[in-house]
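Just entry_36.tsv here, TSV, C-alpha atoms:
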```tsv
chain	number	residue	atom	x	y	z
A	248	MET	CA	-37.58	102.12	123.00
A	249	THR	CA	-37.22	105.46	124.75
A	250	TYR	CA	-37.91	108.71	122.94
A	251	THR	CA	-37.47	112.26	124.11
A	252	ARG	CA	-39.88	115.12	123.48
A	253	GLU	CA	-37.54	116.25	120.71
A	254	THR	CA	-37.49	112.98	118.78
A	255	ILE	CA	-37.37	113.56	115.02
A	256	ALA	CA	-39.42	110.85	113.31
A	257	SER	CA	-39.67	112.18	109.74
A	258	PHE	CA	-37.84	114.41	107.31
A	259	ASP	CA	-40.53	117.07	107.57
A	260	GLN	CA	-39.88	117.17	111.31
A	261	LEU	CA	-36.15	117.37	110.62
A	262	LEU	CA	-36.59	120.42	108.38
A	263	SER	CA	-38.90	122.06	110.94
A	264	HIS	CA	-36.42	121.33	113.74
A	265	LEU	CA	-33.60	123.08	111.89
A	266	VAL	CA	-35.69	126.09	110.90
A	267	GLU	CA	-37.38	126.58	114.28
A	268	ARG	CA	-34.07	126.44	116.14
A	269	LYS	CA	-32.31	128.61	113.58
A	270	ILE	CA	-29.58	125.99	113.07
A	271	GLN	CA	-27.38	127.00	110.17
A	272	LYS	CA	-24.22	125.47	108.70
A	273	TYR	CA	-21.74	126.43	106.01
A	274	VAL	CA	-21.80	123.96	103.12
A	275	ALA	CA	-19.01	123.63	100.56
A	276	VAL	CA	-20.77	122.64	97.34
A	277	VAL	CA	-18.28	120.98	95.00
A	278	TRP	CA	-18.74	121.72	91.29
A	279	PRO	CA	-22.51	122.57	91.26
A	280	GLU	CA	-22.84	122.40	87.50
A	281	ASP	CA	-26.11	120.40	87.39
A	282	GLU	CA	-29.69	121.46	88.01
A	283	HIS	CA	-30.51	118.88	90.71
A	284	THR	CA	-27.61	119.95	92.92
A	285	ARG	CA	-28.46	123.61	92.44
A	286	GLU	CA	-32.13	123.11	93.19
A	287	ALA	CA	-31.32	121.18	96.39
A	288	PHE	CA	-28.90	123.70	97.90
A	289	GLU	CA	-31.07	126.62	96.77
A	290	LYS	CA	-34.04	125.13	98.66
A	291	ALA	CA	-31.89	124.49	101.73
A	292	ALA	CA	-30.58	128.06	101.62
A	293	GLU	CA	-34.11	129.39	101.21
A	294	GLU	CA	-35.19	127.41	104.28
A	295	GLY	CA	-32.27	129.04	106.07
A	296	PHE	CA	-30.41	126.05	107.46
A	297	ILE	CA	-27.38	126.26	105.18
A	298	VAL	CA	-25.12	128.94	103.78
A	299	PRO	CA	-23.78	127.57	100.47
A	300	ILE	CA	-20.19	128.22	99.43
A	301	LEU	CA	-19.80	127.27	95.79
A	302	PHE	CA	-16.61	125.82	94.34
A	303	ALA	CA	-17.61	126.29	90.77
A	304	SER	CA	-16.92	127.34	87.21
A	305	GLU	CA	-17.04	130.89	85.94
A	306	ASN	CA	-20.35	130.13	84.24
A	307	THR	CA	-21.91	129.18	87.59
A	308	TYR	CA	-20.40	132.27	89.20
A	309	LYS	CA	-22.08	134.42	86.54
A	310	HIS	CA	-25.34	132.47	86.88
A	311	TYR	CA	-25.69	133.42	90.56
A	312	ASP	CA	-24.30	136.92	90.09
A	313	GLY	CA	-23.03	137.30	93.65
A	314	GLN	CA	-25.98	135.59	95.36
A	315	PHE	CA	-23.68	133.04	97.02
A	316	GLU	CA	-20.01	133.12	97.96
A	317	THR	CA	-18.21	131.45	95.07
A	318	ILE	CA	-14.66	130.17	94.82
A	319	LEU	CA	-13.67	129.82	91.18
A	320	ALA	CA	-12.27	126.44	90.16
A	321	ASP	CA	-10.82	125.23	86.90
A	322	CYS	CA	-12.24	121.69	87.01
A	323	PRO	CA	-13.85	119.14	89.38
A	324	GLU	CA	-10.43	118.15	90.76
A	325	ASP	CA	-9.58	121.75	91.55
A	326	ALA	CA	-13.00	122.33	93.11
A	327	SER	CA	-12.63	119.23	95.31
A	328	ALA	CA	-9.19	120.24	96.57
A	329	LYS	CA	-10.28	123.80	97.33
A	330	ALA	CA	-13.43	122.65	99.17
A	331	VAL	CA	-11.42	120.28	101.36
A	332	ALA	CA	-8.95	123.08	102.09
A	333	TYR	CA	-11.86	125.25	103.25
A	334	VAL	CA	-12.87	122.55	105.71
A	335	ARG	CA	-9.30	122.28	107.02
A	336	GLU	CA	-9.37	126.05	107.56
A	337	HIS	CA	-12.64	125.72	109.54
A	338	LYS	CA	-14.57	127.71	106.94
A	339	ALA	CA	-17.12	124.99	106.14
A	340	ASP	CA	-19.09	122.47	108.20
A	341	VAL	CA	-20.33	120.14	105.46
A	342	ILE	CA	-19.21	119.09	101.99
A	343	MET	CA	-21.76	118.39	99.24
A	344	LYS	CA	-20.86	116.58	96.04
A	345	GLY	CA	-22.15	118.19	92.86
A	346	PHE	CA	-21.46	117.21	89.24
A	347	VAL	CA	-18.18	115.50	90.08
A	348	ASN	CA	-17.20	111.85	90.03
A	349	THR	CA	-17.19	110.25	93.46
A	350	ASP	CA	-13.60	109.03	93.12
A	351	VAL	CA	-12.41	112.56	92.37
A	352	LEU	CA	-13.97	114.01	95.51
A	353	LEU	CA	-12.90	111.10	97.70
A	354	ARG	CA	-9.29	111.44	96.56
A	355	ALA	CA	-9.32	114.95	97.99
A	356	VAL	CA	-11.12	113.91	101.17
A	357	LEU	CA	-8.81	110.94	101.79
A	358	ASN	CA	-5.50	112.55	100.79
A	359	LYS	CA	-3.07	111.59	103.57
A	360	GLU	CA	-1.42	115.01	103.63
A	361	THR	CA	-4.22	117.44	102.77
A	362	GLY	CA	-7.40	115.42	103.37
A	363	ILE	CA	-9.95	115.47	106.18
A	364	LEU	CA	-10.14	111.87	107.43
A	365	PRO	CA	-8.48	111.86	110.86
A	366	LYS	CA	-6.05	109.02	111.47
A	367	GLY	CA	-7.85	106.00	112.88
A	368	ASN	CA	-11.31	107.07	111.74
A	369	VAL	CA	-13.40	104.73	109.61
A	370	LEU	CA	-15.03	106.07	106.47
A	371	THR	CA	-18.52	104.65	106.06
A	372	HIS	CA	-21.91	105.46	104.57
A	373	ILE	CA	-24.96	105.99	106.77
A	374	ALA	CA	-28.45	106.43	105.38
A	375	SER	CA	-31.81	107.29	106.87
A	376	ALA	CA	-35.14	106.36	105.34
A	377	LYS	CA	-38.81	107.09	105.90
A	378	LEU	CA	-41.06	104.37	104.52
A	379	PRO	CA	-44.81	104.97	104.22
A	380	ASP	CA	-45.73	102.05	106.51
A	381	TYR	CA	-42.97	102.38	109.12
A	382	PRO	CA	-43.80	104.80	111.95
A	383	LYS	CA	-40.37	106.43	112.22
A	384	LEU	CA	-37.10	107.03	110.46
A	385	ILE	CA	-34.84	104.02	110.15
A	386	PHE	CA	-31.06	104.31	109.85
A	387	PHE	CA	-28.80	101.77	108.14
A	388	THR	CA	-25.19	101.22	107.11
A	389	ASP	CA	-23.34	100.61	104.77
A	390	ALA	CA	-24.81	100.90	101.26
A	391	ALA	CA	-21.93	102.52	99.42
A	392	VAL	CA	-18.42	102.42	100.89
A	393	ILE	CA	-17.16	99.33	102.78
A	394	PRO	CA	-17.49	96.10	100.74
A	395	PHE	CA	-17.25	93.78	103.73
A	396	PRO	CA	-16.63	95.41	107.12
A	397	THR	CA	-13.90	94.14	109.39
A	398	ASN	CA	-14.77	93.74	113.05
A	399	GLU	CA	-13.18	97.12	113.80
A	400	GLN	CA	-15.07	98.81	110.97
A	401	ARG	CA	-18.37	97.30	112.11
A	402	GLU	CA	-17.77	98.58	115.63
A	403	ALA	CA	-17.22	102.06	114.19
A	404	GLN	CA	-20.45	101.74	112.20
A	405	VAL	CA	-22.31	100.91	115.41
A	406	GLU	CA	-20.74	103.89	117.21
A	407	TYR	CA	-21.68	106.25	114.37
A	408	ILE	CA	-25.23	105.02	114.02
A	409	VAL	CA	-25.92	105.14	117.77
A	410	SER	CA	-24.67	108.73	117.75
A	411	PHE	CA	-27.00	109.53	114.82
A	412	CYS	CA	-29.97	108.13	116.71
A	413	HIS	CA	-29.11	110.12	119.82
A	414	THR	CA	-28.85	113.29	117.73
A	415	PHE	CA	-32.34	112.60	116.40
A	416	GLY	CA	-33.64	112.45	119.97
A	417	ILE	CA	-33.82	108.67	120.35
A	418	GLU	CA	-32.58	108.19	123.88
A	419	THR	CA	-32.15	104.39	123.76
A	420	PRO	CA	-31.98	103.33	120.12
A	421	ARG	CA	-32.64	99.75	119.11
A	422	ILE	CA	-29.89	98.54	116.79
A	423	SER	CA	-30.44	95.32	114.85
A	424	LEU	CA	-27.56	93.25	113.45
A	425	ILE	CA	-28.86	91.92	110.14
A	426	HIS	CA	-28.46	88.39	108.83
A	427	CYS	CA	-30.61	86.05	106.75
A	428	SER	CA	-31.66	84.16	109.88
A	429	GLU	CA	-31.63	84.48	113.65
A	430	LYS	CA	-28.95	81.86	114.27
A	431	PRO	CA	-25.21	82.57	114.42
A	432	ASP	CA	-23.30	80.52	111.86
A	433	GLY	CA	-19.57	81.00	112.28
A	434	ARG	CA	-18.72	78.40	109.65
A	435	HIS	CA	-20.53	80.02	106.74
A	436	PHE	CA	-21.01	83.56	108.08
A	437	PRO	CA	-18.12	84.44	110.43
A	438	TYR	CA	-19.47	87.95	111.01
A	439	THR	CA	-22.39	86.50	112.97
A	440	GLU	CA	-19.96	85.49	115.71
A	441	HIS	CA	-18.79	89.09	115.90
A	442	TYR	CA	-22.45	90.07	116.29
A	443	LEU	CA	-22.38	88.24	119.63
A	444	GLN	CA	-19.35	90.29	120.69
A	445	LEU	CA	-21.10	93.51	119.68
A	446	LYS	CA	-24.04	92.62	121.91
A	447	GLU	CA	-21.72	92.08	124.87
A	448	GLN	CA	-19.91	95.35	124.15
A	449	ALA	CA	-23.25	97.16	124.09
A	450	LYS	CA	-24.20	95.67	127.46
A	451	SER	CA	-20.90	96.90	128.89
A	452	GLY	CA	-21.70	100.44	127.74
A	453	LYS	CA	-19.08	100.69	124.97
A	454	PHE	CA	-21.51	102.38	122.55
A	455	GLY	CA	-23.42	104.51	125.03
A	456	LYS	CA	-27.11	104.16	125.74
A	457	CYS	CA	-28.58	101.67	123.25
A	458	VAL	CA	-29.97	98.17	122.81
A	459	ILE	CA	-28.26	95.87	120.32
A	460	ASP	CA	-29.47	92.44	119.22
A	461	GLY	CA	-28.75	89.97	116.46
A	462	PRO	CA	-28.43	88.18	114.31
A	463	LEU	CA	-31.95	89.05	113.21
A	464	ASP	CA	-33.45	89.11	109.76
A	465	LEU	CA	-35.08	92.21	108.35
A	466	LYS	CA	-38.65	91.20	109.13
A	467	THR	CA	-38.02	90.23	112.74
A	468	SER	CA	-36.10	93.49	113.14
A	469	CYS	CA	-38.93	95.69	111.87
A	470	SER	CA	-42.14	93.72	112.44
A	471	PRO	CA	-43.49	92.72	115.87
A	472	GLU	CA	-45.84	90.33	114.07
A	473	ALA	CA	-42.95	88.53	112.36
A	474	LEU	CA	-41.10	88.26	115.66
A	475	HIS	CA	-44.20	86.83	117.35
A	476	THR	CA	-44.88	84.40	114.49
A	477	LYS	CA	-41.35	83.00	114.77
A	478	LYS	CA	-41.78	82.76	118.56
A	479	LEU	CA	-38.62	84.78	119.11
A	480	ASP	CA	-37.77	86.99	122.05
A	481	SER	CA	-35.70	90.09	121.28
A	482	PRO	CA	-35.20	93.44	123.03
A	483	ILE	CA	-35.62	95.01	119.59
A	484	HIS	CA	-39.31	93.95	119.73
A	485	GLY	CA	-39.62	94.28	115.95
A	486	GLU	CA	-39.19	98.06	116.23
A	487	ALA	CA	-35.61	98.68	115.11
A	488	ASP	CA	-34.31	102.23	114.86
A	489	ALA	CA	-31.21	101.20	112.96
A	490	LEU	CA	-29.88	98.28	110.93
A	491	ILE	CA	-26.25	97.16	110.66
A	492	MET	CA	-25.99	95.39	107.32
A	493	PRO	CA	-23.55	92.48	106.90
A	494	ASP	CA	-21.96	93.88	103.73
A	495	ILE	CA	-22.30	96.47	100.98
A	496	GLU	CA	-24.41	94.18	98.77
A	497	ALA	CA	-27.08	93.81	101.44
A	498	GLY	CA	-27.00	97.53	102.25
A	499	ASN	CA	-27.09	98.66	98.62
A	500	LEU	CA	-29.88	96.25	97.70
A	501	PHE	CA	-31.93	97.38	100.69
A	502	TYR	CA	-31.40	101.04	99.79
A	503	LYS	CA	-32.47	100.56	96.18
A	504	ALA	CA	-35.36	98.24	96.99
A	505	ILE	CA	-36.98	100.58	99.50
A	506	THR	CA	-36.71	103.54	97.12
A	507	LEU	CA	-37.84	101.68	93.99
A	508	PHE	CA	-40.57	99.46	95.41
A	509	GLY	CA	-41.24	100.98	98.84
A	510	HIS	CA	-41.35	104.64	97.75
A	511	ALA	CA	-39.10	105.57	100.65
A	512	GLU	CA	-37.73	109.03	101.22
A	513	THR	CA	-34.00	108.86	101.96
A	514	ALA	CA	-31.03	110.88	103.13
A	515	ALA	CA	-27.40	109.82	103.41
A	516	VAL	CA	-23.95	111.07	104.38
A	517	LEU	CA	-20.42	109.81	104.68
A	518	GLN	CA	-19.26	109.60	108.27
A	519	GLY	CA	-15.67	109.48	109.48
A	520	PRO	CA	-14.22	112.67	107.93
A	521	SER	CA	-13.95	115.73	110.14
A	522	VAL	CA	-17.21	117.01	108.60
A	523	PRO	CA	-20.16	115.13	107.08
A	524	VAL	CA	-19.93	114.58	103.32
A	525	VAL	CA	-23.16	114.55	101.31
A	526	LEU	CA	-22.43	112.15	98.47
A	527	PRO	CA	-25.64	111.76	96.43
A	528	SER	CA	-25.86	109.34	93.54
A	529	ARG	CA	-26.98	110.37	90.08
A	530	GLY	CA	-30.32	108.65	90.64
A	531	ASP	CA	-31.18	110.56	93.83
A	532	THR	CA	-34.08	113.00	93.71
A	533	VAL	CA	-33.84	116.68	94.57
A	534	GLU	CA	-35.78	115.90	97.75
A	535	SER	CA	-33.28	113.22	98.75
A	536	LYS	CA	-30.42	115.68	98.28
A	537	LEU	CA	-32.30	118.28	100.33
A	538	TYR	CA	-32.92	115.80	103.14
A	539	SER	CA	-29.25	114.75	103.02
A	540	LEU	CA	-28.23	118.38	103.49
A	541	ALA	CA	-30.61	118.60	106.44
A	542	LEU	CA	-29.19	115.40	107.95
A	543	ALA	CA	-25.63	116.68	107.54
A	544	THR	CA	-26.59	120.02	109.07
A	545	LEU	CA	-28.04	118.37	112.14
A	546	ILE	CA	-25.06	116.12	112.83
A	547	SER	CA	-22.39	118.66	111.94
A	548	ASN	CA	-20.55	120.00	114.96
A	549	SER	CA	-17.91	122.13	113.28
A	550	ARG	CA	-18.45	125.81	112.57
A	551	GLY	CA	-22.17	126.43	112.73
A	552	VAL	CA	-24.30	129.29	113.91
A	553	ILE	CA	-26.77	127.87	116.45
```
Could you rewrite the structure in this file as structure tokens?
Amino acid sequence: MTYTRETIASFDQLLSHLVERKIQKYVAVVWPEDEHTREAFEKAAEEGFIVPILFASENTYKHYDGQFETILADCPEDASAKAVAYVREHKADVIMKGFVNTDVLLRAVLNKETGILPKGNVLTHIASAKLPDYPKLIFFTDAAVIPFPTNEQREAQVEYIVSFCHTFGIETPRISLIHCSEKPDGRHFPYTEHYLQLKEQAKSGKFGKCVIDGPLDLKTSCSPEALHTKKLDSPIHGEADALIMPDIEAGNLFYKAITLFGHAETAAVLQGPSVPVVLPSRGDTVESKLYSLALATLISNSRGVI
């Protein structure tokens, strides 16, 4: 694994990186009618790395009394459409979901005529986690969007996650292709054969500077001891920077297990649209929403002030 001097290995370092470099992005907050959403974007604004633009009710407009730019909306559907329009007009760099159903916001994002998913792009969910006993952030996909990735979708996931790692200062990220064992099994698990193709594509330079290996299970991906015990040789060396999950069930279970039992801090965004979309779940903490805003700010390359 190769790191640069600017490698970001924790969420605290991520926040410091944004503040110290005065990185600031415009965030369209869709229907911020709940306290957790408000607390998260207020903290991010106080830190200085976002400028919130609220697409909100009149009550919320009165609550902030001119503190933040506010576009009045009649309902969550109206707020979603207006926020997406702002992105299309290059007035916002990030979208954040507030007290609005996911399907409502995604309908606006994915609208073929007025949405913000460029033709040919793959919509997927990428998360980052910091576990107490793992020495760095670990990225993984997909815990929320694609039920079972096609080969093309999985290639896009790899491209996105390698780009994430590079943005976090990891020069040569180690990407592990997750399975329940280390042996390809095309009969029962056809995707493991595509794993072999992904490794060859990585060697040819298709995904940029990275190391990809698999199939590997979770322990051999993230534990040198487990790799040694199984007498396996892998360029991941039990020190994965990112995990490509086989399907949404594996990704979602991993996400919930590490937060419930592993006390992990997490951040997540949707990738594929023209700007990152912060799509927190109802169970996410204020801190998780704050870290997701920070993650989106770092990877956004639209209309920021840097």
Inset, instruction - With all atoms listed in the file counted, which protein, DNA or RNA residues have an atom no more than 10 Å from (-28.9, 114.1, 97.1) in the file frame? Please answer as an NGL selection string. - result: :A and (283-284 or 287-288 or 343-345 or 513-516 or 525-540)
Inset, instruction - Would you mind listing what lies within 12 Å of A:Ile459 as a ChimeraX atom specification, with only C-alpha atoms counted and same-chain residues fewer than 2 positions away left out? - result: /A:248,402,405-406,408-409,419-425,442-457,461-463,468,481-484,486-491
Inset, instruction - One decimal, Å: what's the distance from atom CA of A:Phe436 over to atom CA of A:Phe387, could you say? - result: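 Pair atom CA of A:Phe436 / atom CA of A:Phe387 returns 19.8 Å.
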Legend entry - Between atom CA of A:Lys272 and atom CA of A:Ile297 - distance in Å to one decimal: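 Separation between atom CA of A:Ile297 and atom CA of A:Lys272: 4.8 Å.
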Inset, instruction - Check the smallest atom-to-atom distance from each of A:Ile270, A:Leu378, A:Leu319, A:Ile495 to A:Phe258 using all atoms listed in the file, then report the winner. - result: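 The closest residue to A:Phe258 is A:Leu378.
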Legend entry - Local residues around (-36.7, 112.4, 118.2), at most 12 Å away, using only C-alpha atoms, as a PyMOL selection string: chain A and resi 248-258+260-261+264+383-385+411-420+488
Inset, instruction - May I ask for the distance between atom CA of A:Asp340 and atom CA of A:Thr544, given in Å to one decimal place? - result: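 Atom-to-atom, atom CA of A:Asp340 to atom CA of A:Thr544, that is 7.9 Å.
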Give the padded box for stretch 393-411 of chain A as lines of an AutoDock Vina configuration file: axis-aligned, covering all atoms listed in the file, 4 Å on each side, centre and edge lengths in Å to one decimal.
```
center_x = -20.1
center_y = 101.6
center_z = 109.3
size_x = 21.8
size_y = 23.8
size_z = 25.0
```
